[in-house]
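Asker: You'll find start-v2.cif just under this line, and it carries mmCIF, C-alpha atoms.
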```cif
data_my_file
loop_
_atom_site.group_PDB
_atom_site.id
_atom_site.type_symbol
_atom_site.label_atom_id
_atom_site.label_comp_id
_atom_site.auth_asym_id
_atom_site.auth_seq_id
_atom_site.Cartn_x
_atom_site.Cartn_y
_atom_site.Cartn_z
ATOM 1 C CA MET A 1 -43.047 56.250 11.769
ATOM 2 C CA THR A 2 -39.788 54.426 11.157
ATOM 3 C CA THR A 3 -39.884 50.895 9.914
ATOM 4 C CA ARG A 4 -37.398 48.375 11.142
ATOM 5 C CA THR A 5 -35.698 46.085 8.723
ATOM 6 C CA PRO A 6 -36.632 42.480 9.351
ATOM 7 C CA PRO A 7 -33.785 40.326 10.535
ATOM 8 C CA ALA A 8 -33.956 38.219 7.381
ATOM 9 C CA GLU A 9 -33.469 41.267 5.157
ATOM 10 C CA ARG A 10 -30.425 42.618 6.970
ATOM 11 C CA THR A 11 -27.217 42.507 5.028
ATOM 12 C CA ALA A 12 -25.226 39.492 6.092
ATOM 13 C CA PRO A 13 -21.515 39.995 6.736
ATOM 14 C CA PRO A 14 -19.286 38.853 3.883
ATOM 15 C CA ALA A 15 -18.039 35.342 4.287
ATOM 16 C CA ARG A 16 -14.374 35.047 5.171
ATOM 17 C CA ARG A 17 -12.195 33.208 2.811
ATOM 18 C CA ALA A 18 -10.672 30.110 4.205
ATOM 19 C CA ALA A 19 -6.938 30.354 4.712
ATOM 20 C CA PRO A 20 -5.048 28.306 2.159
ATOM 21 C CA ARG A 21 -3.688 25.087 3.512
ATOM 22 C CA ARG A 22 0.045 24.716 3.662
ATOM 23 C CA ARG A 23 1.304 21.835 1.686
ATOM 24 C CA PRO A 24 3.121 19.317 3.832
ATOM 25 C CA LEU A 25 6.856 19.251 3.273
ATOM 26 C CA THR A 26 8.067 16.151 1.554
ATOM 27 C CA GLY A 27 11.413 14.605 2.370
ATOM 28 C CA SER A 28 13.289 16.067 -0.604
ATOM 29 C CA LEU A 29 11.764 19.544 -0.167
ATOM 30 C CA LEU A 30 12.582 19.551 3.539
ATOM 31 C CA ALA A 31 16.138 18.448 2.833
ATOM 32 C CA ARG A 32 16.630 21.225 0.262
ATOM 33 C CA ARG A 33 15.258 23.822 2.662
ATOM 34 C CA VAL A 34 17.550 22.628 5.467
ATOM 35 C CA LEU A 35 20.550 22.659 3.131
ATOM 36 C CA GLY A 36 19.648 26.148 1.926
ATOM 37 C CA HIS A 37 19.419 27.537 5.455
ATOM 38 C CA GLY A 38 22.578 25.707 6.439
ATOM 39 C CA ALA A 39 24.516 27.156 3.514
ATOM 40 C CA THR A 40 23.245 30.647 4.329
ATOM 41 C CA TYR A 41 24.336 30.443 7.962
ATOM 42 C CA LEU A 42 27.678 28.950 6.912
ATOM 43 C CA VAL A 43 28.384 31.879 4.594
ATOM 44 C CA LEU A 44 27.325 34.366 7.287
ATOM 45 C CA ALA A 45 29.524 32.655 9.877
ATOM 46 C CA ALA A 46 32.511 32.708 7.520
ATOM 47 C CA ALA A 47 31.952 36.410 6.796
ATOM 48 C CA ALA A 48 31.695 37.133 10.537
ATOM 49 C CA VAL A 49 34.958 35.295 11.204
ATOM 50 C CA LEU A 50 36.765 37.157 8.415
ATOM 51 C CA THR A 51 35.400 40.503 9.647
ATOM 52 C CA LEU A 52 35.839 40.045 13.383
ATOM 53 C CA GLY A 53 38.997 37.931 13.242
ATOM 54 C CA PRO A 54 41.510 40.821 13.024
ATOM 55 C CA PHE A 55 39.788 42.691 15.871
ATOM 56 C CA LEU A 56 39.730 39.613 18.111
ATOM 57 C CA PHE A 57 43.377 38.931 17.285
ATOM 58 C CA SER A 58 44.275 42.515 18.208
ATOM 59 C CA VAL A 59 42.467 42.289 21.558
ATOM 60 C CA MET A 60 44.003 38.891 22.369
ATOM 61 C CA THR A 61 47.523 40.120 21.625
ATOM 62 C CA ALA A 62 46.978 43.334 23.607
ATOM 63 C CA LEU A 63 46.008 41.292 26.685
ATOM 64 C CA THR A 64 48.909 38.846 26.310
ATOM 65 C CA SER A 65 52.114 39.301 28.270
ATOM 66 C CA THR A 66 55.357 39.783 26.389
ATOM 67 C CA GLN A 67 56.784 36.535 27.763
ATOM 68 C CA GLN A 68 53.781 34.441 26.719
ATOM 69 C CA PHE A 69 53.734 36.024 23.253
ATOM 70 C CA ALA A 70 57.425 35.216 22.741
ATOM 71 C CA GLN A 71 57.112 31.633 23.999
ATOM 72 C CA GLN A 72 53.723 30.495 22.652
ATOM 73 C CA GLY A 73 53.170 32.674 19.583
ATOM 74 C CA PRO A 74 50.418 35.089 18.557
ATOM 75 C CA LEU A 75 47.491 32.639 18.203
ATOM 76 C CA THR A 76 47.199 31.678 21.868
ATOM 77 C CA PHE A 77 44.663 32.953 24.354
ATOM 78 C CA PRO A 78 46.125 35.166 27.087
ATOM 79 C CA ALA A 79 46.581 33.130 30.254
ATOM 80 C CA PRO A 80 46.039 35.131 32.345
ATOM 81 C CA PRO A 81 44.957 38.373 30.610
ATOM 82 C CA VAL A 82 47.109 41.326 31.616
ATOM 83 C CA LEU A 83 46.746 45.083 31.263
ATOM 84 C CA ASP A 84 50.466 45.835 31.385
ATOM 85 C CA ASN A 85 50.639 46.724 27.695
ATOM 86 C CA ILE A 86 47.806 49.257 27.920
ATOM 87 C CA ALA A 87 49.287 50.740 31.094
ATOM 88 C CA ALA A 88 52.661 51.064 29.368
ATOM 89 C CA LEU A 89 51.106 53.256 26.688
ATOM 90 C CA PHE A 90 50.262 55.903 29.280
ATOM 91 C CA SER A 91 53.356 55.601 31.442
ATOM 92 C CA THR A 92 55.972 56.735 28.913
ATOM 93 C CA GLU A 93 56.742 60.349 28.068
ATOM 94 C CA ASP A 94 55.643 59.954 24.434
ATOM 95 C CA GLY A 95 52.642 57.843 25.376
ATOM 96 C CA PHE A 96 49.003 58.051 24.396
ATOM 97 C CA ILE A 97 47.837 60.736 26.821
ATOM 98 C CA THR A 98 48.525 63.651 24.475
ATOM 99 C CA PRO A 99 47.353 61.866 21.277
ATOM 100 C CA VAL A 100 44.062 60.830 22.893
ATOM 101 C CA ALA A 101 43.442 64.361 24.187
ATOM 102 C CA VAL A 102 44.293 65.957 20.823
ATOM 103 C CA THR A 103 42.135 63.461 18.908
ATOM 104 C CA VAL A 104 39.123 63.978 21.177
ATOM 105 C CA GLN A 105 39.369 67.771 20.843
ATOM 106 C CA MET A 106 39.835 67.586 17.076
ATOM 107 C CA VAL A 107 36.870 65.249 16.558
ATOM 108 C CA ALA A 108 34.647 67.330 18.861
ATOM 109 C CA VAL A 109 35.354 70.615 17.055
ATOM 110 C CA ILE A 110 34.955 69.069 13.589
ATOM 111 C CA LEU A 111 31.763 67.293 14.633
ATOM 112 C CA VAL A 112 30.081 70.421 15.958
ATOM 113 C CA GLY A 113 31.151 72.488 12.963
ATOM 114 C CA GLN A 114 30.130 69.924 10.360
ATOM 115 C CA MET A 115 26.741 69.223 11.909
ATOM 116 C CA VAL A 116 25.831 72.911 12.292
ATOM 117 C CA PHE A 117 26.960 74.029 8.845
ATOM 118 C CA SER A 118 25.760 70.870 7.082
ATOM 119 C CA VAL A 119 22.258 71.168 8.555
ATOM 120 C CA LEU A 120 22.032 74.852 7.633
ATOM 121 C CA ALA A 121 23.341 74.292 4.103
ATOM 122 C CA ALA A 122 21.124 71.248 3.524
ATOM 123 C CA TYR A 123 18.035 73.182 4.632
ATOM 124 C CA ALA A 124 18.927 76.056 2.307
ATOM 125 C CA PHE A 125 19.395 73.706 -0.656
ATOM 126 C CA ALA A 126 16.197 71.783 0.163
ATOM 127 C CA GLN A 127 13.650 74.442 1.166
ATOM 128 C CA LEU A 128 14.894 77.923 0.222
ATOM 129 C CA ARG A 129 14.704 79.311 -3.288
ATOM 130 C CA PHE A 130 17.483 81.492 -4.688
ATOM 131 C CA PRO A 131 19.132 81.919 -8.123
ATOM 132 C CA GLY A 132 21.617 79.196 -9.000
ATOM 133 C CA ARG A 133 20.612 76.959 -6.104
ATOM 134 C CA ASP A 134 20.709 73.641 -7.962
ATOM 135 C CA LEU A 135 23.850 74.518 -9.927
ATOM 136 C CA LEU A 136 25.699 75.518 -6.757
ATOM 137 C CA PHE A 137 24.553 72.349 -5.014
ATOM 138 C CA TRP A 138 25.750 69.982 -7.738
ATOM 139 C CA VAL A 139 29.053 71.826 -8.143
ATOM 140 C CA TYR A 140 29.629 71.445 -4.410
ATOM 141 C CA ILE A 141 28.639 67.764 -4.455
ATOM 142 C CA ALA A 142 31.026 67.195 -7.378
ATOM 143 C CA THR A 143 33.920 67.737 -4.963
ATOM 144 C CA LEU A 144 33.172 64.256 -3.603
ATOM 145 C CA MET A 145 34.812 62.868 -6.746
ATOM 146 C CA VAL A 146 38.112 64.621 -5.970
ATOM 147 C CA PRO A 147 40.473 62.262 -4.065
ATOM 148 C CA GLN A 148 41.815 63.587 -0.794
ATOM 149 C CA VAL A 149 45.376 62.939 -1.941
ATOM 150 C CA VAL A 150 44.960 65.596 -4.654
ATOM 151 C CA VAL A 151 44.134 68.398 -2.205
ATOM 152 C CA VAL A 152 46.776 67.573 0.424
ATOM 153 C CA VAL A 153 49.521 69.681 -1.193
ATOM 154 C CA PRO A 154 47.339 72.791 -1.802
ATOM 155 C CA LEU A 155 45.974 72.580 1.738
ATOM 156 C CA TYR A 156 49.467 72.208 3.134
ATOM 157 C CA LEU A 157 50.662 75.290 1.234
ATOM 158 C CA MET A 158 47.638 77.287 2.419
ATOM 159 C CA MET A 159 48.180 76.343 6.052
ATOM 160 C CA SER A 160 51.904 77.122 5.776
ATOM 161 C CA GLU A 161 51.252 80.550 4.253
ATOM 162 C CA LEU A 162 48.818 81.327 7.076
ATOM 163 C CA GLY A 163 51.374 80.231 9.673
ATOM 164 C CA LEU A 164 49.156 77.429 10.945
ATOM 165 C CA ARG A 165 51.408 74.457 10.244
ATOM 166 C CA ASN A 166 51.840 72.158 13.249
ATOM 167 C CA THR A 167 48.929 73.771 15.117
ATOM 168 C CA PHE A 168 45.556 72.535 16.295
ATOM 169 C CA TRP A 169 43.678 74.790 13.876
ATOM 170 C CA ALA A 170 45.456 73.241 10.913
ATOM 171 C CA LEU A 171 43.881 69.921 11.919
ATOM 172 C CA VAL A 172 40.299 71.198 11.993
ATOM 173 C CA ILE A 173 39.909 74.192 9.633
ATOM 174 C CA PRO A 174 39.851 72.181 6.346
ATOM 175 C CA PHE A 175 36.964 70.024 7.623
ATOM 176 C CA VAL A 176 34.922 72.151 10.020
ATOM 177 C CA LEU A 177 32.775 74.042 7.484
ATOM 178 C CA GLY A 178 30.487 71.215 6.424
ATOM 179 C CA SER A 179 30.756 67.961 4.502
ATOM 180 C CA PRO A 180 29.510 67.402 0.921
ATOM 181 C CA TYR A 181 28.344 63.897 1.787
ATOM 182 C CA ALA A 182 26.429 65.094 4.872
ATOM 183 C CA ILE A 183 24.839 67.971 2.966
ATOM 184 C CA PHE A 184 23.743 65.666 0.140
ATOM 185 C CA LEU A 185 22.217 63.126 2.531
ATOM 186 C CA LEU A 186 20.486 65.736 4.696
ATOM 187 C CA ARG A 187 19.112 67.610 1.686
ATOM 188 C CA GLU A 188 17.423 64.494 0.360
ATOM 189 C CA ASN A 189 15.835 63.851 3.763
ATOM 190 C CA PHE A 190 14.843 67.478 4.357
ATOM 191 C CA ARG A 191 12.976 67.509 1.043
ATOM 192 C CA GLY A 192 10.716 64.765 2.419
ATOM 193 C CA VAL A 193 9.394 66.909 5.293
ATOM 194 C CA PRO A 194 5.631 67.495 4.716
ATOM 195 C CA GLY A 195 4.995 70.982 3.422
ATOM 196 C CA GLU A 196 1.704 71.194 5.363
ATOM 197 C CA LEU A 197 3.555 71.006 8.673
ATOM 198 C CA MET A 198 5.998 73.700 7.625
ATOM 199 C CA ASP A 199 3.212 75.979 6.417
ATOM 200 C CA ALA A 200 1.327 75.484 9.688
ATOM 201 C CA MET A 201 4.368 76.498 11.722
ATOM 202 C CA ARG A 202 4.974 79.520 9.504
ATOM 203 C CA ILE A 203 1.365 80.614 10.070
ATOM 204 C CA ASP A 204 2.001 80.353 13.811
ATOM 205 C CA GLY A 205 4.872 82.806 13.400
ATOM 206 C CA ALA A 206 7.836 80.409 13.357
ATOM 207 C CA GLY A 207 10.989 81.710 11.730
ATOM 208 C CA THR A 208 13.557 79.744 9.781
ATOM 209 C CA LEU A 209 15.714 78.725 12.735
ATOM 210 C CA ARG A 210 12.731 77.764 14.872
ATOM 211 C CA LEU A 211 11.262 75.788 11.978
ATOM 212 C CA LEU A 212 14.561 74.025 11.474
ATOM 213 C CA TRP A 213 15.192 73.244 15.153
ATOM 214 C CA HIS A 214 11.659 72.236 16.216
ATOM 215 C CA LEU A 215 10.405 70.458 13.090
ATOM 216 C CA VAL A 216 13.008 69.501 10.500
ATOM 217 C CA VAL A 217 15.733 68.264 12.841
ATOM 218 C CA PRO A 218 13.436 66.125 15.088
ATOM 219 C CA LEU A 219 11.856 64.473 12.043
ATOM 220 C CA ASN A 220 15.311 63.558 10.722
ATOM 221 C CA ARG A 221 16.975 62.602 13.996
ATOM 222 C CA PRO A 222 17.964 59.029 12.941
ATOM 223 C CA ILE A 223 19.867 60.183 9.857
ATOM 224 C CA ILE A 224 21.544 62.958 11.863
ATOM 225 C CA VAL A 225 22.690 60.424 14.476
ATOM 226 C CA THR A 226 24.069 58.259 11.673
ATOM 227 C CA LEU A 227 25.960 61.234 10.229
ATOM 228 C CA VAL A 228 27.358 62.001 13.685
ATOM 229 C CA LEU A 229 28.743 58.465 13.901
ATOM 230 C CA ILE A 230 30.148 58.625 10.362
ATOM 231 C CA THR A 231 31.854 61.939 11.147
ATOM 232 C CA VAL A 232 33.336 60.657 14.396
ATOM 233 C CA VAL A 233 34.619 57.451 12.786
ATOM 234 C CA THR A 234 36.049 59.283 9.766
ATOM 235 C CA HIS A 235 38.023 61.872 11.695
ATOM 236 C CA TRP A 236 38.989 59.582 14.569
ATOM 237 C CA ASN A 237 40.651 57.377 11.933
ATOM 238 C CA SER A 238 42.131 60.316 10.010
ATOM 239 C CA PHE A 239 45.793 59.636 9.357
ATOM 240 C CA MET A 240 47.232 61.227 6.218
ATOM 241 C CA TRP A 241 46.386 64.894 6.864
ATOM 242 C CA PRO A 242 47.470 64.921 10.570
ATOM 243 C CA MET A 243 50.702 63.158 9.623
ATOM 244 C CA VAL A 244 51.452 65.735 6.905
ATOM 245 C CA ILE A 245 50.494 68.944 8.702
ATOM 246 C CA THR A 246 51.938 68.167 12.171
ATOM 247 C CA SER A 247 55.371 67.156 13.379
ATOM 248 C CA GLY A 248 56.535 66.107 16.805
ATOM 249 C CA PRO A 249 54.474 64.837 19.728
ATOM 250 C CA GLU A 250 52.700 68.115 20.591
ATOM 251 C CA TRP A 251 49.780 67.774 18.144
ATOM 252 C CA ARG A 252 50.070 64.085 17.308
ATOM 253 C CA VAL A 253 46.740 62.283 16.934
ATOM 254 C CA ILE A 254 46.071 58.708 17.960
ATOM 255 C CA THR A 255 46.431 57.199 14.483
ATOM 256 C CA VAL A 256 49.851 58.777 13.980
ATOM 257 C CA ALA A 257 50.888 57.703 17.479
ATOM 258 C CA THR A 258 49.808 54.132 16.732
ATOM 259 C CA SER A 259 51.808 54.173 13.503
ATOM 260 C CA ALA A 260 54.849 55.467 15.383
ATOM 261 C CA LEU A 261 54.675 52.479 17.739
ATOM 262 C CA GLN A 262 55.479 50.117 14.858
ATOM 263 C CA SER A 263 58.823 51.794 14.249
ATOM 264 C CA GLN A 264 59.585 52.613 17.877
ATOM 265 C CA TYR A 265 58.737 49.146 19.231
ATOM 266 C CA ASN A 266 59.355 46.983 16.181
ATOM 267 C CA ASN A 267 59.607 43.671 18.060
ATOM 268 C CA ASN A 268 57.110 44.411 20.844
ATOM 269 C CA TRP A 269 53.899 43.450 19.035
ATOM 270 C CA THR A 270 51.900 43.224 22.256
ATOM 271 C CA LEU A 271 52.439 46.961 22.814
ATOM 272 C CA VAL A 272 51.633 47.770 19.185
ATOM 273 C CA MET A 273 48.399 45.766 19.359
ATOM 274 C CA ALA A 274 47.518 47.465 22.634
ATOM 275 C CA GLY A 275 47.722 50.807 20.852
ATOM 276 C CA THR A 276 45.625 49.490 17.962
ATOM 277 C CA THR A 277 42.979 48.137 20.345
ATOM 278 C CA LEU A 278 42.857 51.396 22.255
ATOM 279 C CA ALA A 279 42.439 53.349 19.011
ATOM 280 C CA MET A 280 39.449 51.306 17.816
ATOM 281 C CA LEU A 281 37.728 50.705 21.185
ATOM 282 C CA PRO A 282 35.781 54.017 21.357
ATOM 283 C CA LEU A 283 34.415 53.458 17.841
ATOM 284 C CA VAL A 284 33.206 49.961 18.701
ATOM 285 C CA ILE A 285 31.467 51.292 21.818
ATOM 286 C CA LEU A 286 29.731 54.021 19.792
ATOM 287 C CA MET A 287 28.514 51.549 17.184
ATOM 288 C CA VAL A 288 27.109 49.233 19.866
ATOM 289 C CA ILE A 289 25.307 52.079 21.632
ATOM 290 C CA PHE A 290 23.767 53.648 18.523
ATOM 291 C CA GLN A 291 23.132 50.574 16.386
ATOM 292 C CA LYS A 292 19.333 50.980 16.684
ATOM 293 C CA GLN A 293 19.481 54.522 15.320
ATOM 294 C CA ILE A 294 21.655 53.368 12.418
ATOM 295 C CA THR A 295 19.236 50.564 11.569
ATOM 296 C CA ARG A 296 16.294 52.942 11.778
ATOM 297 C CA SER A 297 17.932 55.499 9.499
ATOM 298 C CA VAL A 298 18.700 52.818 6.916
ATOM 299 C CA GLY A 299 15.071 51.666 7.079
ATOM 300 C CA ASP A 300 13.770 55.202 6.632
ATOM 301 C CA ALA A 301 16.057 55.739 3.638
ATOM 302 C CA THR A 302 14.812 52.487 2.096
ATOM 303 C CA LEU A 303 11.161 53.485 2.520
ATOM 304 C CA ARG A 304 11.782 56.827 0.873
#
```
How does this structure look as structure tokens?
Answerer:
Amino acid sequence: MTTRTPPAERTAPPARRAAPRRRPLTGSLLARRVLGHGATYLVLAAAAVLTLGPFLFSVMTALTSTQQFAQQGPLTFPAPPVLDNIAALFSTEDGFITPVAVTVQMVAVILVGQMVFSVLAAYAFAQLRFPGRDLLFWVYIATLMVPQVVVVVPLYLMMSELGLRNTFWALVIPFVLGSPYAIFLLRENFRGVPGELMDAMRIDGAGTLRLLWHLVVPLNRPIIVTLVLITVVTHWNSFMWPMVITSGPEWRVITVATSALQSQYNNNWTLVMAGTTLAMLPLVILMVIFQKQITRSVGDATLR
């Protein structure tokens, strides 16, 4: 027979500790807290104005008519806003149609190449074992310390010897085969993939590419999205190498075309600012769309 425990002998639940009482704020403490928050928001507001001020000024000037800009100066709101300056960029023979098309193609090819080769190289450095793996990795990462200015002349001579100067391939070949920064960042994240999951997929018969595509990449999607944005921003804003390796309007990118506006239309600042606004608008749109993924990737990196 089973004996029941009397109610008095049953173990009583542990008593909950009373939540500590918050001390009431005195006048001086409340004043210091208000001043502290006020100073914080004041500093943040000043930083926002300094950061966003040039962009707002560029947009305002781009939407201002030439007559209003000449009569009222640059610090006036457009009344009314006009799109004549942006339309003028696409109506001339040496306008922005070709530079925008060339820049989009260049960024697309470099993006696909860098993401594919960087993911493959990062996986090899993180999960595969071969002689000299760590030495090769750190030698490759050491190229991050070499300034781009140093390699411009050797790259130019190489492209000239290959007969690729002033061609589309000269714009993309030096950057399409992976990025040291992307490989370093992806390797550190790929090393955090649980080994139990990888072993389970290998037991199920998954090969390297299937393991990479169905496990490693989905687990590291936020950092890959962040690297996509960094790659797009970097090569959309690329100026020195396209200016050196190309000549004439055939393969001119948008940054070089914007720079040419300053000498071609020296006194027409509304047109110059329209070109500047058009050059930075796609990047702003991308950052607004993917800001959650960027925040998530930064949070994941902090936790690791």
Asker: Find the residues of segment 204-267 of chain A that sit at most 10 Å from segment 164-170 of chain A; for each, write down the nearest two atoms and how far apart they are in Å, to one decimal. Count all atoms listed in the file. Sort by chain, then by number going up, and give it as a Markdown table.
Answerer:
```
| residue | atom | partner | partner_atom | distance |
| --- | --- | --- | --- | --- |
| A:Trp241 | CA | A:Ala170 | CA | 9.3 |
| A:Pro242 | CA | A:Ala170 | CA | 8.6 |
| A:Met243 | CA | A:Asn166 | CA | 9.8 |
| A:Val244 | CA | A:Asn166 | CA | 9.0 |
| A:Ile245 | CA | A:Asn166 | CA | 5.7 |
| A:Thr246 | CA | A:Asn166 | CA | 4.1 |
| A:Ser247 | CA | A:Asn166 | CA | 6.1 |
| A:Gly248 | CA | A:Asn166 | CA | 8.4 |
| A:Glu250 | CA | A:Asn166 | CA | 8.4 |
| A:Trp251 | CA | A:Phe168 | CA | 6.6 |
| A:Arg252 | CA | A:Asn166 | CA | 9.2 |
```
Asker: So the first atom is atom CA of Ile86 of chain A and the second is atom CA of Ala48 of chain A; what is the distance between them in Å, to one decimal place?
Answerer: 26.6 Å
Asker: For atom CA of Asn85 of chain A and atom CA of Gln72 of chain A, determine how far apart the two atoms are, in Å to one decimal place.
Answerer: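 Separating atom CA of Asn85 of chain A from atom CA of Gln72 of chain A is a distance of 17.3 Å.
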Asker: Can you work out the spacing between atom CA of Trp138 of chain A and atom CA of Ala122 of chain A in Å, to one decimal?
Answerer: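 Going from atom CA of Trp138 of chain A over to atom CA of Ala122 of chain A, I get 12.2 Å.
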Asker: Would you translate the PyMOL selection byres ((chain A and resi 53-57) around 9) into the concrete set of residues it matches in this file, as a ChimeraX atom specification?
Answerer: /A:48-52,58-62,74-75,273,277,280
Asker: Only C-alpha atoms, please: the residues just picked out, written as a CSV table (one decimal), keeping the file's coordinate frame.
Answerer:
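Result file is part.csv:
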```csv
chain,number,residue,atom,x,y,z
A,48,ALA,CA,31.7,37.1,10.5
A,49,VAL,CA,35.0,35.3,11.2
A,50,LEU,CA,36.8,37.2,8.4
A,51,THR,CA,35.4,40.5,9.6
A,52,LEU,CA,35.8,40.0,13.4
A,58,SER,CA,44.3,42.5,18.2
A,59,VAL,CA,42.5,42.3,21.6
A,60,MET,CA,44.0,38.9,22.4
A,61,THR,CA,47.5,40.1,21.6
A,62,ALA,CA,47.0,43.3,23.6
A,74,PRO,CA,50.4,35.1,18.6
A,75,LEU,CA,47.5,32.6,18.2
A,273,MET,CA,48.4,45.8,19.4
A,277,THR,CA,43.0,48.1,20.3
A,280,MET,CA,39.4,51.3,17.8
```
Asker: Could you rebuild segment 137-148 of chain A with N, CA, C and O atoms and give it back as a PDB file, in the coordinates of the input?
Answerer:
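Result saved to part.pdb:
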```
ATOM      1  N   PHE A 137      24.597  73.603  -5.765  1.00  0.00           N
ATOM      2  CA  PHE A 137      24.553  72.349  -5.014  1.00  0.00           C
ATOM      3  C   PHE A 137      25.324  71.251  -5.734  1.00  0.00           C
ATOM      4  O   PHE A 137      26.154  70.561  -5.127  1.00  0.00           O
ATOM      5  N   TRP A 138      25.089  71.066  -7.019  1.00  0.00           N
ATOM      6  CA  TRP A 138      25.750  69.982  -7.738  1.00  0.00           C
ATOM      7  C   TRP A 138      27.231  70.254  -7.950  1.00  0.00           C
ATOM      8  O   TRP A 138      28.036  69.316  -8.006  1.00  0.00           O
ATOM      9  N   VAL A 139      27.616  71.507  -8.067  1.00  0.00           N
ATOM     10  CA  VAL A 139      29.053  71.826  -8.143  1.00  0.00           C
ATOM     11  C   VAL A 139      29.736  71.474  -6.823  1.00  0.00           C
ATOM     12  O   VAL A 139      30.844  70.919  -6.798  1.00  0.00           O
ATOM     13  N   TYR A 140      29.059  71.765  -5.713  1.00  0.00           N
ATOM     14  CA  TYR A 140      29.629  71.445  -4.410  1.00  0.00           C
ATOM     15  C   TYR A 140      29.698  69.934  -4.197  1.00  0.00           C
ATOM     16  O   TYR A 140      30.689  69.399  -3.688  1.00  0.00           O
ATOM     17  N   ILE A 141      28.654  69.215  -4.599  1.00  0.00           N
ATOM     18  CA  ILE A 141      28.639  67.764  -4.455  1.00  0.00           C
ATOM     19  C   ILE A 141      29.692  67.115  -5.347  1.00  0.00           C
ATOM     20  O   ILE A 141      30.233  66.054  -5.026  1.00  0.00           O
ATOM     21  N   ALA A 142      30.023  67.749  -6.468  1.00  0.00           N
ATOM     22  CA  ALA A 142      31.026  67.195  -7.378  1.00  0.00           C
ATOM     23  C   ALA A 142      32.399  67.091  -6.722  1.00  0.00           C
ATOM     24  O   ALA A 142      33.247  66.309  -7.183  1.00  0.00           O
ATOM     25  N   THR A 143      32.633  67.841  -5.652  1.00  0.00           N
ATOM     26  CA  THR A 143      33.920  67.737  -4.963  1.00  0.00           C
ATOM     27  C   THR A 143      34.103  66.385  -4.288  1.00  0.00           C
ATOM     28  O   THR A 143      35.222  66.039  -3.898  1.00  0.00           O
ATOM     29  N   LEU A 144      33.027  65.606  -4.140  1.00  0.00           N
ATOM     30  CA  LEU A 144      33.172  64.256  -3.603  1.00  0.00           C
ATOM     31  C   LEU A 144      34.003  63.367  -4.514  1.00  0.00           C
ATOM     32  O   LEU A 144      34.591  62.380  -4.056  1.00  0.00           O
ATOM     33  N   MET A 145      34.053  63.684  -5.810  1.00  0.00           N
ATOM     34  CA  MET A 145      34.812  62.868  -6.746  1.00  0.00           C
ATOM     35  C   MET A 145      36.299  63.197  -6.749  1.00  0.00           C
ATOM     36  O   MET A 145      37.077  62.524  -7.420  1.00  0.00           O
ATOM     37  N   VAL A 146      36.699  64.240  -6.027  1.00  0.00           N
ATOM     38  CA  VAL A 146      38.112  64.621  -5.970  1.00  0.00           C
ATOM     39  C   VAL A 146      38.784  63.827  -4.849  1.00  0.00           C
ATOM     40  O   VAL A 146      38.383  63.938  -3.686  1.00  0.00           O
ATOM     41  N   PRO A 147      39.791  63.021  -5.135  1.00  0.00           N
ATOM     42  CA  PRO A 147      40.473  62.262  -4.065  1.00  0.00           C
ATOM     43  C   PRO A 147      41.154  63.195  -3.071  1.00  0.00           C
ATOM     44  O   PRO A 147      41.624  64.287  -3.436  1.00  0.00           O
ATOM     45  N   GLN A 148      41.203  62.760  -1.830  1.00  0.00           N
ATOM     46  CA  GLN A 148      41.815  63.587  -0.794  1.00  0.00           C
ATOM     47  C   GLN A 148      43.302  63.796  -1.042  1.00  0.00           C
ATOM     48  O   GLN A 148      43.872  64.823  -0.692  1.00  0.00           O
TER      49      GLN A 148
END
```
